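Below is one structure, written out as structure tokens; the observations come after it.
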Amino acid sequence: WTVGATAQPEPGLTRIELQLHDDDTTRALWPHRFALSLVVTIGDVLDLALVTHNTGEQAFDITQALHTYFAVGDIAQVGIAGLDGSRYLDKVRDFAVFDQSGTVMFDGEVDRIYQRVQGPLTISDPVLGRRIDIDCSGSTTTVVWNPWKEIAIAMQDLADDDYRRLVCVETANAADEIVTIEPGTQYRLGARYRHSSLARP
């Protein structure tokens with residue numbers, strides 16, 4: 001990645017664009033020409049936009065995700081609203097299909113691909129006294145992940161108890177939401193994150 005542009009459109013708002021282009025190394029792994037732009041806008045809200053440009057002469061298919069990891073006070077008290085009624089693939093249970101009922105809570109390993117997600121999501125974190133609202137664009141798929149204790153112990157980049165202080169909620173194009181990008185066109189995957197206070201227990 002290289003820094004393509006930086007700007008301050010208005011006081012309190014900063015925008016950074018990172019760019020990545022195909023080269024001999026990428027084409028040896030994946031034979032397509034492309035240009036990626038990750039636009040990060042920081043202000044009262046955090047806005048991420050991943051734009052994939054097809055700069056070649058053939059269409060290609062992609063899946064993708066914004067792998068956003070959120071620090072939380074205690075995963076056992078965290079809830080994710082906005083997925084009630086959504087169907088999901090449970091990777092912990094060999095991709096079995098379930099329907100979400102109510103708020104997503106955590107009492108063990110969670111690795112799920114929620115499909116046909118409508119509307120905003122909210123992470124409620126009573127221990128840290130905050131909520132994070134997530135608005136997605138270019139996506140109807142949400143990945144929710146927490147490794148829990150056994151997997152965290154086996155992971156080299158996590159301390160044994162780090163699973164208690166993180167949750168991953170990804171805006172994605174995954175599973176059956178495959179994106180086809182025609183030559184000379186682009187696709188934008190976006191997410192906006194807003195923080196607000198939540199009463200502590």
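Residue names in the structure tokens use chain letters A, B, ... in the order shown, residue numbers from 1 in each chain, and ligand numbers from 1 in the order shown.
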Query raised in the report: Could you pull out all residues of range 87-156 of chain A with a DSSP call of helix (DSSP H, G or I) and give them as a VMD selection string?
Result: chain A and resid 91 to 93 148 to 154
Okay, now the selection with C-alpha atoms, as a CSV table (one decimal), in the first residue's frame?
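Output saved as result-v1.csv:
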```
chain,number,residue,atom,x,y,z
A,91,LYS,CA,-18.5,-22.0,11.0
A,92,VAL,CA,-18.1,-23.5,14.4
A,93,ARG,CA,-20.8,-26.1,13.6
A,148,TRP,CA,-12.9,-17.7,22.9
A,149,LYS,CA,-10.3,-19.2,25.2
A,150,GLU,CA,-9.0,-22.4,23.5
A,151,ILE,CA,-8.3,-20.8,20.1
A,152,ALA,CA,-6.9,-17.6,21.7
A,153,ILE,CA,-4.4,-19.7,23.6
A,154,ALA,CA,-3.3,-21.3,20.3
```
List the spatial neighbours of Ile16 in chain A as a CSV table (one decimal) with C-alpha atoms, in the first residue's frame - criterion: any atom at most 6 Å away, only C-alpha atoms, same-chain residues fewer than 5 positions off excluded.
```
chain,number,residue,atom,x,y,z
A,5,ALA,CA,-3.7,11.4,-1.0
A,6,THR,CA,-4.4,13.2,2.2
A,39,VAL,CA,-10.3,5.8,1.9
A,40,VAL,CA,-10.3,6.5,5.7
```
Report task. Identify all residues of chain A in strand (DSSP E) (DSSP on the backbone) and supply them as a ChimeraX atom specification. Result -> /A:2-10,13-21,34-42,45-54,60-62,64-66,69-71,79-81,87-90,96-99,110-115,121-125,130-137,141-146,166-173,179-181,186-197
Query - Distance criterion (only C-alpha atoms): nearest to Arg33 in chain A out of A:Gly184, A:Tyr163, A:Arg194, A:Tyr69 - result: A:Gly184
Query - CA of Gln64 in chain A to CA of Gln77 in chain A, distance in Å rounded to a single decimal - result: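 These atoms are spaced 28.9 Å apart.
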